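Remarks on the structure that follows.
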Amino acid sequence: MMMYERLVQWAADVWEERFPGQRFVTLRAAVECGNMIAHSQVKAGRKLRGKARYTGYERIECPVITPISDYGARGNKMVLTATAGAYIFHFDAEGEATFDVIFAAAYYDDDMQDLVSIALVPDDKLETWAAFEAACTRAVRPRIRRRRDVYVIGGADAFFDPTVDWEDVILPDELKSKLLDDMQAFFKTGVPIYRQLKLPPFRKLLLAGVPGTGKTMLCAAMARLAIQEGCVVVYVSGADRDGASFEKIQRALQAVAAARYPVLMIVEELDAYLRGDDKARILNVLDGIESPNNPQGALMLATTNYPEAIDERITKRPGRVDRIFIIPTIQDARHAELMLRHYMGDQWREEQLVLIDQLIEQPGAFVREVALHARMLAAHEHKTEVSLDMLEQSVSTLLRQIHADADFLQDRRPITMVGSNRNKRTNPFGWRD
Ligand SMILES: Nc1ncnc2c1ncn2[C@@H]1O[C@H](COP(=O)(O)OP(=O)(O)OP(=O)(O)O)[C@@H](O)[C@H]1O
Ligand SMILES: [Mg+2]
């Protein structure tokens with residue numbers, strides 16, 4: 001027997017016992033009615049549609065259900081959330097008899113953390129029940145009601161700042177314009193096409209590349225442009241204390257679906273979610289089974305350092321990710337020069353061109369570090385100018401350090417790093433795409 005059948009059978013018996021002869025309809029109910037957050041926010045006395053009022057609930061025992069709760073952080077407090085259990089909700093309406101609804105929620109099975117929930121409702125009270133369900137759902141789901149530009153999904157230490165200028169991201173022009181065109185075309189012309197095809201307008205782009213090539217920076221710059229064009233940004237941080245959990249993706253998807261605006265959803269380090277127990281569910285999201293349906297359109301921008309880890313699961317299966325953009329290290333002298341000029345600022349001199357060759361195949365973060373280090377050396381020596389010598393010294397110091405780190409880390413493979421680097425390769429600059 002299916003779980004819902006067992007719940008309905010049990011509830012129908014309770015109904016006969018408590019409200020003999022009263023007619024009811026059996027419904028698939030909103031699971032949020034069994035959520036502790038809803039119970040604490042939708043209080044007895046709440047006015048519902050018409051003259052009806054919700055007057056409270058009691059918990060009842062149900063042999064089919066083993067009561068158990070999920071829990072999570074709300075602000076800085078831990079609270080109980082989704083709960084398996086059975087309840088009777090009480091209602092009254094002006095000038096009419098009071099009435100009750102029997103509600104039960106249970107988990108399908110051990111693997112799926114999904115509740116199935118049913119309700120037995122007097123057949124002339126559907127309006128009231130629908131209003132109550134809607135109130136519970138609103139209490140639980142993160143909503144984007146008032147206009148705010150960026151929603152960060154993650155712990156208290158999660159952070160995202162979309163203030164990067166598109167011009168400051170130094171990458172091949174062709175790559176940048178393809179990425180931007182893709183986003184703009186999706187929101188302008190793509191969304192209506194998805195809708196015509198009765199598909200949720202959800203497009204997925206993946207930025208892949210070694211650490212420090214500017215993926216996060218690119219996300220921030222895209223976010224800024226998206227906001228200017230009227231989008232809301234939902235940013236999922238994997239780098240906070242809670243790490244990469246499906247629960248976060250789920251919260252983000254709910255926010256995406258509930259937003260009344262087009263959404264740019266950013267998921268950093270997508271590979272981390274594919275390594276955990278929840279990978280099947282992430283794949284469902286990518287496949288469209290659990291895709292958010294935001295009629296205004298949602299574009300997911302994901303990043304990874306491990307395109308090969310994602311390889312078979314994603315790249316070999318069309319549709320899981322619509323496009324993969326490889327974010328390269330510095331590929332040629334022109335790109336290297338632009339990067340060095342940018343980070344040397346007013347300390348840039350033509351003679352520094354001799355160093356260009358050493359920057360090829362390095363990520364942007366390397367050049368930034370080289371420039372900062374040289375400028376600090378100069379300041380330390382009370383010089384107003386960065387000499388070529390200092391810049392050369394800075395390049396060789398950094399290269400040496402990277403190689404030493406790589407050797408050090410290779411000798412001790414089992415050490416796992418903590419903090420935001422924990423998912424990174426051991427040799428941060430030693431890999432080429
Ligand atoms: N293409 C680039 N143009 C300009 N600056 C860059 C570029 N790439 C990296 N940088 C500099 O290096 C810093 C680190 O880059 P960023 O965090 O964007 O790399 P990433 O690709 O996200 O790395 P990771 O994979 O480790 O998350 C940036 O804040 C920026 O200062
Ligand atoms: Mg990054």
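A note on labels: chains of the structure tokens are A, B, ... as shown, every chain counts residues from 1, and ligands are counted from 1 in their shown order.
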
Closest pair table for chain A residues within 6 Å of ligand 1, only C-alpha atoms and all ligand atoms, as JSON lines:
```
{"residue": "A:Asp168", "atom": "CA", "partner": "ligand 1", "partner_atom_place_in_ligand_line": "4 (C)", "distance": 5.8}
{"residue": "A:Val169", "atom": "CA", "partner": "ligand 1", "partner_atom_place_in_ligand_line": "3 (N)", "distance": 4.0}
{"residue": "A:Ile170", "atom": "CA", "partner": "ligand 1", "partner_atom_place_in_ligand_line": "3 (N)", "distance": 3.6}
{"residue": "A:Leu171", "atom": "CA", "partner": "ligand 1", "partner_atom_place_in_ligand_line": "1 (N)", "distance": 4.9}
{"residue": "A:Val210", "atom": "CA", "partner": "ligand 1", "partner_atom_place_in_ligand_line": "25 (O)", "distance": 5.6}
{"residue": "A:Pro211", "atom": "CA", "partner": "ligand 1", "partner_atom_place_in_ligand_line": "25 (O)", "distance": 3.3}
{"residue": "A:Gly212", "atom": "CA", "partner": "ligand 1", "partner_atom_place_in_ligand_line": "19 (O)", "distance": 3.4}
{"residue": "A:Thr213", "atom": "CA", "partner": "ligand 1", "partner_atom_place_in_ligand_line": "8 (N)", "distance": 3.9}
{"residue": "A:Gly214", "atom": "CA", "partner": "ligand 1", "partner_atom_place_in_ligand_line": "18 (O)", "distance": 3.1}
{"residue": "A:Lys215", "atom": "CA", "partner": "ligand 1", "partner_atom_place_in_ligand_line": "21 (O)", "distance": 3.7}
{"residue": "A:Thr216", "atom": "CA", "partner": "ligand 1", "partner_atom_place_in_ligand_line": "22 (O)", "distance": 3.6}
{"residue": "A:Met217", "atom": "CA", "partner": "ligand 1", "partner_atom_place_in_ligand_line": "18 (O)", "distance": 3.8}
{"residue": "A:Asn305", "atom": "CA", "partner": "ligand 1", "partner_atom_place_in_ligand_line": "25 (O)", "distance": 5.3}
{"residue": "A:Pro363", "atom": "CA", "partner": "ligand 1", "partner_atom_place_in_ligand_line": "8 (N)", "distance": 6.0}
{"residue": "A:Gly364", "atom": "CA", "partner": "ligand 1", "partner_atom_place_in_ligand_line": "8 (N)", "distance": 3.6}
{"residue": "A:Ala365", "atom": "CA", "partner": "ligand 1", "partner_atom_place_in_ligand_line": "12 (O)", "distance": 3.3}
{"residue": "A:Arg368", "atom": "CA", "partner": "ligand 1", "partner_atom_place_in_ligand_line": "11 (C)", "distance": 5.8}
```

Give me, as a list in words, all polymer residues having an atom no more than 6 Å from A:Ala298, counting only C-alpha atoms and skipping those fewer than 2 positions away in the same chain.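 Listing them by chain and then by number gives Phe202, Pro262, Val263 and Leu264 of chain A.
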
For the residues selected in the previous step, produce a file with N, CA and C atoms as a PDB file, in the first residue's frame.
```
ATOM      1  N   PHE A 202      14.009  27.890 -17.305  1.00  0.00           N
ATOM      2  CA  PHE A 202      15.152  27.720 -16.406  1.00  0.00           C
ATOM      3  C   PHE A 202      16.345  27.339 -17.270  1.00  0.00           C
ATOM      4  N   PRO A 262      12.435  38.261 -12.689  1.00  0.00           N
ATOM      5  CA  PRO A 262      13.386  37.304 -13.260  1.00  0.00           C
ATOM      6  C   PRO A 262      14.569  37.138 -12.302  1.00  0.00           C
ATOM      7  N   VAL A 263      15.121  35.926 -12.275  1.00  0.00           N
ATOM      8  CA  VAL A 263      16.155  35.646 -11.273  1.00  0.00           C
ATOM      9  C   VAL A 263      17.442  35.159 -11.917  1.00  0.00           C
ATOM     10  N   LEU A 264      18.558  35.686 -11.431  1.00  0.00           N
ATOM     11  CA  LEU A 264      19.861  35.100 -11.716  1.00  0.00           C
ATOM     12  C   LEU A 264      20.253  34.341 -10.460  1.00  0.00           C
TER      13      LEU A 264
END
```

Taking 5 positions as the minimum chain separation for residues in the same chain, which residues sit within 7 Å of A:Arg323 when counting only C-alpha atoms? Answer as a tab-separated table (two decimals) with C-alpha atoms, in the first residue's frame.
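File produced: part_37.tsv:
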```tsv
chain	number	residue	atom	x	y	z
A	204	LYS	CA	21.77	26.63	-16.78
A	205	LEU	CA	25.27	27.87	-17.53
A	206	LEU	CA	28.45	26.47	-16.06
```

Where in stretch 161-391 of chain A does DSSP assign helix (DSSP H, G or I), given as a PyMOL selection string? chain A and resi 166-168+173-196+215-228+246-258+270-275+279-287+307-315+333-347+350-359+364-380+388-391

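For the set A:Ser394, A:Gln362, A:Ser237, A:Gln296, the residue with the smallest atom-to-atom gap to ligand 2 is A:Ser237, counting only C-alpha atoms and all ligand atoms.
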
A:Pro172 environment, 12 Å, only C-alpha atoms, sequence neighbours closer than 4 positions dropped, as number ranges by chain: A: 167, 176-179, 213-214, 325-336, 338-339

Quick one: pull the distance between atom CA of A:Asp405 and atom CA of A:His373, Å, one decimal. 17.7 Å

As a list in words, please: the residues near stretch 72-83 of chain A (cut-off 8 Å, only C-alpha atoms, same-chain neighbours under 5 positions excluded). Val31, Glu32, Gly34, Asn35, Met36, Ile37, Pro67, Ala105 and Ala156 of chain A

Store the residues picked out above, limited to C-alpha atoms, as an mmCIF file, in the first residue's frame.
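So the final result, stored in result-v1.cif, reads:
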```cif
data_model
loop_
_atom_site.group_PDB
_atom_site.id
_atom_site.type_symbol
_atom_site.label_atom_id
_atom_site.label_comp_id
_atom_site.auth_asym_id
_atom_site.auth_seq_id
_atom_site.Cartn_x
_atom_site.Cartn_y
_atom_site.Cartn_z
ATOM 1 C CA VAL A 31 3.199 19.828 3.509
ATOM 2 C CA GLU A 32 3.837 23.254 5.035
ATOM 3 C CA GLY A 34 2.817 20.323 9.242
ATOM 4 C CA ASN A 35 5.812 22.609 9.489
ATOM 5 C CA MET A 36 6.714 23.962 12.921
ATOM 6 C CA ILE A 37 7.584 27.338 11.460
ATOM 7 C CA PRO A 67 6.724 11.640 14.442
ATOM 8 C CA ALA A 105 2.198 14.102 6.936
ATOM 9 C CA ALA A 156 25.653 33.877 8.706
#
```

If we count only C-alpha atoms and set the cut-off at 10 Å, which residues sit around stretch 119-135 of chain A, ignoring sequence neighbours fewer than 5 positions away in its own chain? Please answer as number ranges by chain. A: 7-8, 11-12, 15, 22-34, 38, 41-42, 46-54, 86-89, 91-93, 99-105, 140

Those residues you just picked out, can you put them in a file as a PDB file, in the first residue's frame with C-alpha atoms?
```pdb
ATOM      1  CA  LEU A   7      -2.746   7.865   5.830  1.00  0.00           C
ATOM      2  CA  VAL A   8      -6.116   8.368   4.165  1.00  0.00           C
ATOM      3  CA  ALA A  11      -7.767   9.527   8.773  1.00  0.00           C
ATOM      4  CA  ALA A  12     -11.120   8.349   7.416  1.00  0.00           C
ATOM      5  CA  TRP A  15     -13.193  11.134  10.949  1.00  0.00           C
ATOM      6  CA  GLN A  22     -20.214  14.645   8.276  1.00  0.00           C
ATOM      7  CA  ARG A  23     -19.156  14.750   4.632  1.00  0.00           C
ATOM      8  CA  PHE A  24     -15.556  15.348   3.739  1.00  0.00           C
ATOM      9  CA  VAL A  25     -13.238  15.476   0.778  1.00  0.00           C
ATOM     10  CA  THR A  26      -9.793  13.934   0.823  1.00  0.00           C
ATOM     11  CA  LEU A  27      -7.027  16.154  -0.466  1.00  0.00           C
ATOM     12  CA  ARG A  28      -3.363  16.113  -1.100  1.00  0.00           C
ATOM     13  CA  ALA A  29      -2.415  18.888   1.276  1.00  0.00           C
ATOM     14  CA  ALA A  30       0.417  21.388   1.420  1.00  0.00           C
ATOM     15  CA  VAL A  31       3.199  19.828   3.509  1.00  0.00           C
ATOM     16  CA  GLU A  32       3.837  23.254   5.035  1.00  0.00           C
ATOM     17  CA  CYS A  33       0.740  22.776   7.227  1.00  0.00           C
ATOM     18  CA  GLY A  34       2.817  20.323   9.242  1.00  0.00           C
ATOM     19  CA  ALA A  38       4.031  27.617  10.134  1.00  0.00           C
ATOM     20  CA  GLN A  41       3.660  31.968  12.776  1.00  0.00           C
ATOM     21  CA  VAL A  42       0.093  31.158  11.803  1.00  0.00           C
ATOM     22  CA  ARG A  46      -5.839  34.193  12.406  1.00  0.00           C
ATOM     23  CA  LYS A  47      -8.597  35.529  10.134  1.00  0.00           C
ATOM     24  CA  LEU A  48      -8.987  33.649   6.899  1.00  0.00           C
ATOM     25  CA  ARG A  49     -11.043  34.309   3.804  1.00  0.00           C
ATOM     26  CA  GLY A  50     -14.708  35.270   4.352  1.00  0.00           C
ATOM     27  CA  LYS A  51     -15.707  35.308   7.970  1.00  0.00           C
ATOM     28  CA  ALA A  52     -13.658  32.259   8.857  1.00  0.00           C
ATOM     29  CA  ARG A  53     -10.995  32.037  11.524  1.00  0.00           C
ATOM     30  CA  TYR A  54      -8.338  29.498  12.412  1.00  0.00           C
ATOM     31  CA  ALA A  86      -0.895  14.090  12.466  1.00  0.00           C
ATOM     32  CA  TYR A  87      -2.954  17.097  13.496  1.00  0.00           C
ATOM     33  CA  ILE A  88      -6.482  18.307  13.822  1.00  0.00           C
ATOM     34  CA  PHE A  89      -6.847  21.959  12.877  1.00  0.00           C
ATOM     35  CA  PHE A  91     -11.758  26.618  12.526  1.00  0.00           C
ATOM     36  CA  ASP A  92     -14.825  28.703  13.156  1.00  0.00           C
ATOM     37  CA  ALA A  93     -16.900  31.007  11.009  1.00  0.00           C
ATOM     38  CA  PHE A  99     -15.364  22.677  11.931  1.00  0.00           C
ATOM     39  CA  ASP A 100     -12.155  20.668  11.860  1.00  0.00           C
ATOM     40  CA  VAL A 101      -9.673  19.318   9.385  1.00  0.00           C
ATOM     41  CA  ILE A 102      -7.616  16.177   9.881  1.00  0.00           C
ATOM     42  CA  PHE A 103      -4.124  16.513   8.476  1.00  0.00           C
ATOM     43  CA  ALA A 104      -1.322  13.956   8.329  1.00  0.00           C
ATOM     44  CA  ALA A 105       2.198  14.102   6.936  1.00  0.00           C
ATOM     45  CA  VAL A 140       7.626  28.640   5.601  1.00  0.00           C
TER      46      VAL A 140
END
```

For each of A:Ile68, A:Ile193, A:Val267, A:Ile249, take the minimum atom-to-atom distance to ligand 2, counting only C-alpha atoms and all ligand atoms, then give the residue where this is smallest.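 Smallest distance to ligand 2 is found for A:Val267.
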
Measuring between only C-alpha atoms, which one of A:Val116, A:Val321, A:Leu355, A:Ala272 shows the shortest distance to A:Leu286? A:Val321
